[in-house]
$ cat upload_36.csv   # CSV, C-alpha atoms and all ligand atoms
chain,number,residue,atom,x,y,z
A,1,MET,CA,73.2,81.3,17.5
A,2,GLY,CA,72.2,85.0,18.2
A,3,GLU,CA,73.0,87.0,21.3
A,4,ASN,CA,69.6,86.4,22.9
A,5,ASN,CA,69.8,82.6,22.4
A,6,MET,CA,73.2,82.7,23.9
A,7,LYS,CA,72.0,84.5,27.0
A,8,SER,CA,69.1,82.1,27.4
A,9,SER,CA,71.2,79.0,27.1
A,10,ASN,CA,73.6,80.3,29.7
A,11,CYS,CA,70.7,81.2,32.0
A,12,LYS,CA,69.2,77.7,31.6
A,13,ALA,CA,72.5,76.2,32.4
A,14,ASN,CA,72.4,78.0,35.7
A,15,GLY,CA,68.8,77.5,36.6
A,16,LEU,CA,67.7,81.1,35.8
A,17,ASP,CA,64.8,82.0,33.7
A,18,SER,CA,65.6,83.8,30.4
A,19,ASN,CA,64.7,87.2,31.7
A,20,GLU,CA,67.3,87.2,34.5
A,21,THR,CA,70.8,88.5,33.8
A,22,LYS,CA,73.5,86.5,35.6
A,23,THR,CA,76.5,88.2,37.1
A,24,PRO,CA,79.5,86.4,35.6
A,25,PHE,CA,82.1,84.9,37.9
A,26,LEU,CA,85.1,87.1,37.4
A,27,ILE,CA,88.6,85.6,37.9
A,28,GLY,CA,91.7,87.8,38.0
A,29,VAL,CA,94.9,86.1,36.8
A,30,ALA,CA,98.1,88.1,37.7
A,31,GLY,CA,101.8,87.3,37.5
A,32,GLY,CA,105.0,88.5,36.0
A,33,THR,CA,105.7,88.8,32.3
A,34,ALA,CA,105.8,85.4,30.6
A,35,SER,CA,104.9,83.6,33.8
A,36,GLY,CA,102.3,81.7,31.8
A,37,LYS,CA,99.1,83.7,32.6
A,38,SER,CA,97.6,83.3,29.1
A,39,THR,CA,98.7,79.7,28.9
A,40,VAL,CA,97.0,78.9,32.3
A,41,CYS,CA,93.8,80.6,31.0
A,42,LYS,CA,94.0,78.6,27.8
A,43,ARG,CA,94.4,75.4,29.7
A,44,ILE,CA,91.4,76.2,31.9
A,45,MET,CA,89.3,76.9,28.8
A,46,GLU,CA,90.5,73.7,27.1
A,47,GLN,CA,89.7,71.6,30.1
A,48,LEU,CA,86.3,73.1,30.2
A,49,GLY,CA,85.8,72.3,26.5
A,50,GLN,CA,85.5,76.0,25.7
A,51,ALA,CA,88.6,76.6,23.6
A,52,ASP,CA,87.5,75.6,20.1
A,53,MET,CA,84.0,76.8,20.5
A,54,ASP,CA,82.3,79.6,18.6
A,55,HIS,CA,83.1,82.7,20.7
A,56,THR,CA,79.4,83.8,20.8
A,57,LEU,CA,78.6,80.5,22.6
A,58,ARG,CA,81.3,80.4,25.1
A,59,GLN,CA,80.4,80.2,28.8
A,60,VAL,CA,84.0,81.0,29.7
A,61,VAL,CA,86.0,83.8,28.1
A,62,SER,CA,89.5,85.2,28.7
A,63,ILE,CA,90.5,88.8,28.3
A,64,SER,CA,94.0,90.3,28.4
A,65,GLN,CA,94.9,93.4,30.4
A,66,ASP,CA,97.2,94.3,27.5
A,67,SER,CA,94.1,95.5,25.6
A,68,PHE,CA,93.9,98.3,28.1
A,69,TYR,CA,97.2,100.0,27.4
A,70,ARG,CA,96.6,103.7,26.9
A,71,GLU,CA,97.4,105.5,23.7
A,72,LEU,CA,100.9,106.9,23.6
A,73,THR,CA,101.9,110.4,22.5
A,74,GLU,CA,104.2,110.7,19.5
A,75,ALA,CA,107.2,111.3,21.8
A,76,GLU,CA,106.3,108.2,23.9
A,77,LYS,CA,105.9,106.2,20.7
A,78,ALA,CA,109.4,107.2,19.6
A,79,LYS,CA,110.7,106.0,23.0
A,80,ALA,CA,108.7,102.8,22.8
A,81,ALA,CA,110.2,101.9,19.4
A,82,LYS,CA,113.6,101.8,21.1
A,83,GLY,CA,112.5,99.8,24.2
A,84,LEU,CA,112.7,103.0,26.2
A,85,PHE,CA,109.0,103.3,27.4
A,86,ASN,CA,107.9,101.8,30.6
A,87,PHE,CA,105.0,99.5,29.8
A,88,ASP,CA,105.3,97.8,33.2
A,89,HIS,CA,104.3,100.9,35.2
A,90,PRO,CA,100.6,101.3,36.3
A,91,ASP,CA,100.5,104.7,34.4
A,92,ALA,CA,100.8,102.9,31.1
A,93,PHE,CA,97.3,101.5,31.5
A,94,ASN,CA,93.9,103.1,30.9
A,95,GLU,CA,92.5,102.3,34.3
A,96,LYS,CA,89.1,103.9,33.8
A,97,LEU,CA,88.4,101.9,30.6
A,98,MET,CA,89.5,98.7,32.4
A,99,TYR,CA,87.2,99.5,35.3
A,100,ASP,CA,84.2,100.5,33.1
A,101,THR,CA,84.6,97.4,30.9
A,102,LEU,CA,84.8,95.0,33.8
A,103,THR,CA,81.8,96.6,35.5
A,104,SER,CA,79.8,96.3,32.3
A,105,ILE,CA,80.8,92.7,32.1
A,106,LEU,CA,79.6,92.2,35.7
A,107,GLU,CA,76.3,93.7,34.7
A,108,GLY,CA,75.9,91.0,32.0
A,109,LYS,CA,76.5,93.4,29.1
A,110,LYS,CA,78.1,92.7,25.8
A,111,VAL,CA,81.4,94.7,25.6
A,112,TYR,CA,83.9,95.6,22.9
A,113,ILE,CA,87.6,95.3,23.7
A,114,PRO,CA,90.3,96.9,21.6
A,115,SER,CA,93.0,94.6,20.3
A,116,TYR,CA,96.6,95.5,21.0
A,117,ASP,CA,99.4,95.6,18.5
A,118,TYR,CA,102.8,95.0,20.2
A,119,ARG,CA,104.6,95.8,16.9
A,120,THR,CA,103.3,99.4,16.8
A,121,ASN,CA,102.8,99.7,20.6
A,122,SER,CA,99.3,100.9,19.9
A,123,VAL,CA,95.7,100.1,20.5
A,124,ASP,CA,94.0,98.8,17.3
A,125,HIS,CA,90.5,100.4,17.4
A,126,ASP,CA,89.7,99.0,14.0
A,127,ASN,CA,89.9,95.4,15.3
A,128,GLN,CA,87.7,95.3,18.4
A,129,VAL,CA,86.9,92.0,19.9
A,130,VAL,CA,83.3,91.4,21.0
A,131,ILE,CA,82.9,89.8,24.4
A,132,TYR,CA,79.5,88.2,24.7
A,133,PRO,CA,78.0,87.7,28.2
A,134,ALA,CA,79.5,84.6,29.7
A,135,ASP,CA,79.3,82.7,33.0
A,136,VAL,CA,83.0,82.9,33.8
A,137,VAL,CA,85.4,85.7,32.7
A,138,LEU,CA,89.1,85.4,33.2
A,139,PHE,CA,91.0,88.7,33.2
A,140,GLU,CA,94.8,88.2,33.0
A,141,GLY,CA,97.7,90.7,33.1
A,142,ILE,CA,100.7,91.8,35.0
A,143,LEU,CA,98.9,94.4,37.1
A,144,VAL,CA,95.3,93.2,37.4
A,145,PHE,CA,95.6,93.3,41.2
A,146,TYR,CA,97.4,96.6,41.4
A,147,PHE,CA,94.4,99.0,41.1
A,148,PRO,CA,92.3,98.6,44.3
A,149,ALA,CA,88.9,99.4,42.6
A,150,ILE,CA,89.6,96.8,39.9
A,151,ARG,CA,91.0,94.3,42.4
A,152,ASP,CA,87.8,94.5,44.4
A,153,LEU,CA,85.8,93.4,41.4
A,154,PHE,CA,87.2,89.9,41.3
A,155,HIS,CA,85.4,86.9,42.8
A,156,MET,CA,88.6,84.8,42.7
A,157,LYS,CA,92.2,85.9,42.4
A,158,LEU,CA,95.0,83.7,41.0
A,159,PHE,CA,98.7,84.5,40.9
A,160,VAL,CA,100.9,82.6,38.4
A,161,ASP,CA,104.3,82.4,40.2
A,162,THR,CA,107.1,81.4,37.8
A,163,ASP,CA,110.8,81.7,38.5
A,164,SER,CA,112.2,85.0,37.0
A,165,ASP,CA,115.0,83.2,35.0
A,166,THR,CA,112.4,81.0,33.3
A,167,ARG,CA,110.2,84.1,32.6
A,168,LEU,CA,113.1,85.9,31.0
A,169,ALA,CA,114.1,82.8,29.0
A,170,ARG,CA,110.5,82.7,27.6
A,171,ARG,CA,110.1,86.4,27.1
A,172,VAL,CA,113.1,86.8,24.9
A,173,PRO,CA,112.1,84.4,22.1
A,174,ARG,CA,108.5,85.4,22.4
A,175,ASP,CA,109.1,89.1,22.0
A,176,ILE,CA,111.5,88.5,19.0
A,177,LYS,CA,109.2,86.0,17.2
A,178,GLU,CA,105.7,87.4,18.1
A,179,ARG,CA,106.2,91.0,19.1
A,180,GLY,CA,108.7,92.2,16.4
A,181,ARG,CA,111.5,93.1,18.8
A,182,ASP,CA,115.3,92.6,18.5
A,183,LEU,CA,117.5,91.0,21.2
A,184,ASP,CA,119.1,94.3,22.4
A,185,GLN,CA,115.8,96.0,22.7
A,186,VAL,CA,114.2,93.2,24.7
A,187,LEU,CA,117.2,93.0,27.1
A,188,ILE,CA,117.4,96.8,27.6
A,189,GLN,CA,113.7,97.1,28.2
A,190,TYR,CA,113.8,94.1,30.6
A,191,MET,CA,116.7,95.4,32.7
A,192,THR,CA,115.5,99.1,32.7
A,193,PHE,CA,111.8,98.7,33.2
A,194,VAL,CA,110.4,95.2,33.3
A,195,LYS,CA,112.4,93.7,36.2
A,196,PRO,CA,112.3,96.8,38.5
A,197,ALA,CA,108.6,97.3,37.9
A,198,PHE,CA,107.9,93.6,38.6
A,199,GLU,CA,109.6,94.1,42.0
A,200,GLU,CA,107.8,97.4,42.7
A,201,PHE,CA,104.3,96.9,41.3
A,202,CYS,CA,103.5,93.3,40.4
A,203,SER,CA,105.2,91.0,42.9
A,204,PRO,CA,103.7,92.9,45.9
A,205,THR,CA,100.2,92.0,44.6
A,206,LYS,CA,100.8,88.3,45.2
A,207,LYS,CA,99.5,88.8,48.7
A,208,PHE,CA,96.0,89.5,47.3
A,209,ALA,CA,95.8,86.2,45.6
A,210,ASP,CA,93.4,83.4,46.8
A,211,VAL,CA,95.4,80.8,45.0
A,212,ILE,CA,99.1,81.0,44.0
A,213,ILE,CA,100.0,78.7,41.1
A,214,PRO,CA,103.7,77.9,41.2
A,215,ARG,CA,105.2,76.9,37.8
A,216,GLY,CA,102.2,78.1,35.8
A,217,ALA,CA,100.8,75.8,33.2
A,218,ASP,CA,103.2,73.0,34.3
A,219,ASN,CA,101.2,72.8,37.6
A,220,THR,CA,98.4,70.5,36.4
A,221,VAL,CA,97.2,69.8,39.9
A,222,ALA,CA,96.5,73.4,40.6
A,223,ILE,CA,94.8,73.8,37.2
A,224,ASP,CA,92.6,70.7,37.8
A,225,LEU,CA,91.5,72.1,41.2
A,226,ILE,CA,90.6,75.5,39.6
A,227,VAL,CA,88.8,73.8,36.7
A,228,HIS,CA,86.8,71.6,39.2
A,229,HIS,CA,85.7,74.8,41.0
A,230,ILE,CA,84.6,76.5,37.8
A,231,SER,CA,82.8,73.3,36.7
A,232,GLU,CA,80.7,73.5,39.8
A,233,ILE,CA,79.8,77.1,39.0
A,234,LEU,CA,78.7,76.1,35.5
A,235,ARG,CA,76.9,73.0,36.5
A,236,PRO,CA,73.2,73.1,35.6
A,237,GLY,CA,71.1,73.6,38.7
A,238,SER,CA,74.1,74.9,40.6
A,239,THR,CA,73.0,76.5,43.8
A,240,ALA,CA,75.2,79.5,43.1
A,241,ASN,CA,73.0,82.5,42.4
A,242,THR,CA,73.5,86.0,41.0
A,243,THR,CA,74.2,87.8,44.2
A,244,SER,CA,76.5,85.1,45.6
A,245,PHE,CA,78.9,85.9,42.6
A,246,LEU,CA,78.9,89.6,43.4
A,247,PRO,CA,82.1,90.9,45.1
A,248,LEU,CA,81.4,91.6,48.8
A,249,ASN,CA,81.4,95.4,48.3
A,250,ARG,CA,78.7,95.1,45.5
A,251,ARG,CA,76.3,92.7,47.3
A,252,PRO,CA,72.9,94.1,48.4
A,253,ARG,CA,72.8,94.6,52.2
A,254,GLU,CA,71.1,91.8,54.1
A,255,HIS,CA,68.3,92.9,56.4
A,301,LIG,N1,104.8,75.6,31.0
A,301,LIG,C1,105.4,76.1,29.9
A,301,LIG,N2,106.4,75.5,29.3
A,301,LIG,C2,107.0,76.0,28.3
A,301,LIG,N3,106.7,77.2,27.7
A,301,LIG,C3,105.7,77.9,28.2
A,301,LIG,C4,105.0,77.4,29.4
A,301,LIG,N4,104.1,78.3,29.7
A,301,LIG,C5,104.2,79.3,28.8
A,301,LIG,N5,105.1,79.1,27.9
A,301,LIG,C6,105.6,79.9,26.8
A,301,LIG,O1,106.1,81.1,27.4
A,301,LIG,C7,105.7,82.3,26.7
A,301,LIG,C8,104.9,83.1,27.6
A,301,LIG,O2,103.8,82.4,28.1
A,301,LIG,P1,102.4,83.2,28.3
A,301,LIG,O3,101.4,82.2,28.7
A,301,LIG,O4,102.1,84.0,27.1
A,301,LIG,O5,102.8,84.1,29.5
A,301,LIG,P2,102.1,85.5,30.0
A,301,LIG,O6,100.7,85.5,29.6
A,301,LIG,O7,102.2,85.4,31.5
A,301,LIG,O8,102.9,86.6,29.4
A,301,LIG,C9,104.9,81.8,25.5
A,301,LIG,O9,105.7,81.7,24.4
A,301,LIG,C10,104.4,80.4,26.0
A,301,LIG,O10,104.2,79.5,24.9
A,302,LIG,N1,103.7,97.7,23.6
A,302,LIG,C1,104.1,96.9,24.6
A,302,LIG,C2,103.2,96.5,25.6
A,302,LIG,C3,103.6,95.7,26.6
A,302,LIG,N2,104.8,95.2,26.6
A,302,LIG,C4,105.3,94.2,27.6
A,302,LIG,O1,104.3,93.2,27.8
A,302,LIG,C5,104.4,92.7,29.1
A,302,LIG,C6,103.0,92.3,29.5
A,302,LIG,O2,102.5,91.3,28.7
A,302,LIG,P1,102.8,89.7,29.2
A,302,LIG,O3,102.0,88.9,28.2
A,302,LIG,O4,104.2,89.5,29.1
A,302,LIG,O5,102.2,89.6,30.6
A,302,LIG,C7,104.9,93.8,30.0
A,302,LIG,O6,106.0,93.3,30.8
A,302,LIG,C8,105.4,94.8,29.0
A,302,LIG,O7,106.8,95.1,29.2
A,302,LIG,C9,105.7,95.5,25.6
A,302,LIG,O8,106.9,95.1,25.6
A,302,LIG,N3,105.3,96.4,24.6

$ encode --input "upload_36.csv" --output "structure tokens"
Amino acid sequence: MGENNMKSSNCKANGLDSNETKTPFLIGVAGGTASGKSTVCKRIMEQLGQADMDHTLRQVVSISQDSFYRELTEAEKAKAAKGLFNFDHPDAFNEKLMYDTLTSILEGKKVYIPSYDYRTNSVDHDNQVVIYPADVVLFEGILVFYFPAIRDLFHMKLFVDTDSDTRLARRVPRDIKERGRDLDQVLIQYMTFVKPAFEEFCSPTKKFADVIIPRGADNTVAIDLIVHHISEILRPGSTANTTSFLPLNRRPREH
């Protein structure tokens, strides 16, 4: 199905005529490294029957903040290869690209997201992912609530709160198997940057969350409640309208 058909089917599902563009419901999912953010997003999509669907037809999409790491200089790349670059500091991200992409998504536009290669610590511009307009967009990452302008864009904010020992125990094998790291590198990076930056930049953003999800994807009750809420938004004939999805600071003034 083409892009226009997709937009029209989404609009129908929400009681809009095909010329109206719907503002997607934007959900931020924050939490420490390996807390289960992407697994929680995956569960939400699975329960909504969206996981194994053609991506052009999805009503719910999930995007990782890791796609918005900034390009490194050659000197920074050399440090990163030894686990000596701080990827957990807000300065490691391209905040403007993140903001511009999310605002385009909120305007109902199709956007292109770079993929990220953890093995080379670089953005892969040759493999961009197309994000088609959707009804619900999940944006997950360690610092999605850190930047005030970006934080204000979310309609709902979730914080995945998993014990730090569990997170480290999950991060070590993941980084070795999936991100091409060796044990020393993972542990040095964790103790030098990841843990202190979590305390300084990520953990304090928990206070902005609407819902805190203890134990991540193991917390099936929390996930069921969130899925129920999203289902209501997707329900055909839902009373939710375009402006009611807008963050407070972007809604037109009522007279
Ligand atoms: N509830 C869980 N039980 C066991 N392993 C899990 C659970 N949640 C996540 N994992 C594993 O932990 C690692 C990190 O999970 P992930 O969802 O990618 O975290 P994040 O997106 O927060 O970095 C992955 O290897 C994942 O398969
Ligand atoms: N080149 C990179 C980029 C990021 N990281 C680490 O990834 C973590 C964030 O991703 P999660 O899936 O774990 O949330 C973050 O803690 C960075 O340290 C990296 O190691 N290399």

$ closest_atom_pairs --input "upload_36.csv" --of "range 182-245 of chain A" --to "range 39-56 of chain A" --cutoff "10 Å" --atoms "only C-alpha atoms" --output "JSON lines"
{"residue": "A:Ile213", "atom": "CA", "partner": "A:Val40", "partner_atom": "CA", "distance": 9.3}
{"residue": "A:Gly216", "atom": "CA", "partner": "A:Val40", "partner_atom": "CA", "distance": 6.3}
{"residue": "A:Ala217", "atom": "CA", "partner": "A:Val40", "partner_atom": "CA", "distance": 5.0}
{"residue": "A:Asp218", "atom": "CA", "partner": "A:Val40", "partner_atom": "CA", "distance": 8.8}
{"residue": "A:Asn219", "atom": "CA", "partner": "A:Val40", "partner_atom": "CA", "distance": 9.1}
{"residue": "A:Thr220", "atom": "CA", "partner": "A:Arg43", "partner_atom": "CA", "distance": 9.2}
{"residue": "A:Ala222", "atom": "CA", "partner": "A:Val40", "partner_atom": "CA", "distance": 10.0}
{"residue": "A:Ile223", "atom": "CA", "partner": "A:Ile44", "partner_atom": "CA", "distance": 6.7}
{"residue": "A:Asp224", "atom": "CA", "partner": "A:Ile44", "partner_atom": "CA", "distance": 8.2}
{"residue": "A:Ile226", "atom": "CA", "partner": "A:Ile44", "partner_atom": "CA", "distance": 7.8}
{"residue": "A:Val227", "atom": "CA", "partner": "A:Ile44", "partner_atom": "CA", "distance": 6.0}
{"residue": "A:His228", "atom": "CA", "partner": "A:Leu48", "partner_atom": "CA", "distance": 9.1}
{"residue": "A:Ile230", "atom": "CA", "partner": "A:Leu48", "partner_atom": "CA", "distance": 8.5}
{"residue": "A:Ser231", "atom": "CA", "partner": "A:Leu48", "partner_atom": "CA", "distance": 7.4}
{"residue": "A:Leu234", "atom": "CA", "partner": "A:Leu48", "partner_atom": "CA", "distance": 9.7}

$ residues_around --input "upload_36.csv" --residues "Glu76 in chain A" --least-positions-apart "3" --cutoff "12 Å" --atoms "all atoms listed in the file" --output "PyMOL selection string"
chain A and resi 70-73+79-87+92+120-122

$ closest_residue --input "upload_36.csv" --among "A:Val29, A:Glu232, A:Glu178, A:Ser67" --to "His125 in chain A" --atoms "all atoms listed in the file"
A:Ser67

$ residues_near_ligand --input "upload_36.csv" --ligand "ligand LIG 302 (chain A)" --cutoff "6 Å" --atoms "all atoms listed in the file" --output "compact mmCIF listing (two decimals) with C-alpha atoms, in the coordinates of the input"
# COMPACT_ATOMS: atom_id res chain seq x y z
CA THR A 33 105.70 88.80 32.30
CA ALA A 34 105.80 85.40 30.60
CA PHE A 87 105.00 99.50 29.80
CA ASP A 88 105.30 97.80 33.20
CA TYR A 118 102.80 95.00 20.20
CA ASN A 121 102.80 99.70 20.60
CA GLY A 141 97.70 90.70 33.10
CA ILE A 142 100.70 91.80 35.00
CA VAL A 194 110.40 95.20 33.30

$ closest_residue --input "upload_36.csv" --among "A:Val130, A:Ile63, A:Val136, A:Ala78" --to "ligand LIG 301 (chain A)" --atoms "all atoms listed in the file"
A:Ile63

$ atom_distance --input "upload_36.csv" --atom1 "CA of Ser35 in chain A" --atom2 "atom O9 of ligand LIG 301 (chain A)"
9.6 Å

$ residues_around --input "upload_36.csv" --residues "Ser115 in chain A" --least-positions-apart "2" --cutoff "6 Å" --atoms "only C-alpha atoms" --output "ChimeraX atom specification"
/A:67,124,127-128

$ closest_residue --input "upload_36.csv" --among "A:Lys109, A:Leu143, A:Lys77, A:Asp135" --to "Arg235 in chain A" --atoms "only C-alpha atoms"
A:Asp135

$ atom_distance --input "upload_36.csv" --atom1 "CA of Gly108 in chain A" --atom2 "CA of Val60 in chain A"
13.1 Å

$ atom_distance --input "upload_36.csv" --atom1 "CA of Val111 in chain A" --atom2 "CA of Tyr132 in chain A"
6.8 Å

$ closest_residue --input "upload_36.csv" --among "A:Asp91, A:Asp100, A:Asp175, A:Asp152" --to "ligand LIG 301 (chain A)" --atoms "all atoms listed in the file"
A:Asp175

$ decode --input "upload_36.csv" --residues "range 73-120 of chain A" --atoms "C-alpha atoms" --output "CSV table (one decimal), in the first residue's frame"
chain,number,residue,atom,x,y,z
A,73,THR,CA,35.9,13.7,15.0
A,74,GLU,CA,38.8,11.4,14.2
A,75,ALA,CA,40.3,12.0,17.6
A,76,GLU,CA,36.9,11.1,19.3
A,77,LYS,CA,36.6,8.0,17.1
A,78,ALA,CA,40.0,6.8,18.3
A,79,LYS,CA,38.9,7.3,21.9
A,80,ALA,CA,35.6,5.6,21.3
A,81,ALA,CA,37.3,2.5,19.9
A,82,LYS,CA,39.0,2.1,23.3
A,83,GLY,CA,35.8,2.7,25.3
A,84,LEU,CA,37.1,6.2,26.3
A,85,PHE,CA,34.4,8.4,24.8
A,86,ASN,CA,31.4,9.5,26.8
A,87,PHE,CA,28.3,8.4,24.9
A,88,ASP,CA,26.2,8.9,28.0
A,89,HIS,CA,26.7,12.7,28.1
A,90,PRO,CA,24.1,15.0,26.5
A,91,ASP,CA,26.8,16.5,24.3
A,92,ALA,CA,27.1,13.2,22.5
A,93,PHE,CA,23.7,13.7,20.8
A,94,ASN,CA,22.6,15.9,17.9
A,95,GLU,CA,19.9,17.7,19.8
A,96,LYS,CA,18.8,19.8,16.9
A,97,LEU,CA,18.3,16.9,14.5
A,98,MET,CA,16.3,15.1,17.2
A,99,TYR,CA,14.1,18.1,17.8
A,100,ASP,CA,13.6,18.8,14.1
A,101,THR,CA,12.8,15.1,13.4
A,102,LEU,CA,10.2,14.9,16.3
A,103,THR,CA,8.5,18.1,15.3
A,104,SER,CA,8.2,16.9,11.7
A,105,ILE,CA,6.7,13.7,13.0
A,106,LEU,CA,4.2,15.7,15.0
A,107,GLU,CA,3.3,17.6,11.8
A,108,GLY,CA,2.4,14.2,10.3
A,109,LYS,CA,5.4,14.2,7.9
A,110,LYS,CA,7.3,11.2,6.6
A,111,VAL,CA,10.9,11.3,8.1
A,112,TYR,CA,14.2,9.6,7.4
A,113,ILE,CA,16.1,8.4,10.5
A,114,PRO,CA,19.8,7.5,10.2
A,115,SER,CA,20.7,4.0,11.5
A,116,TYR,CA,23.5,3.7,14.0
A,117,ASP,CA,26.4,1.4,13.9
A,118,TYR,CA,27.7,0.6,17.4
A,119,ARG,CA,30.7,-1.3,16.0
A,120,THR,CA,32.1,1.8,14.3
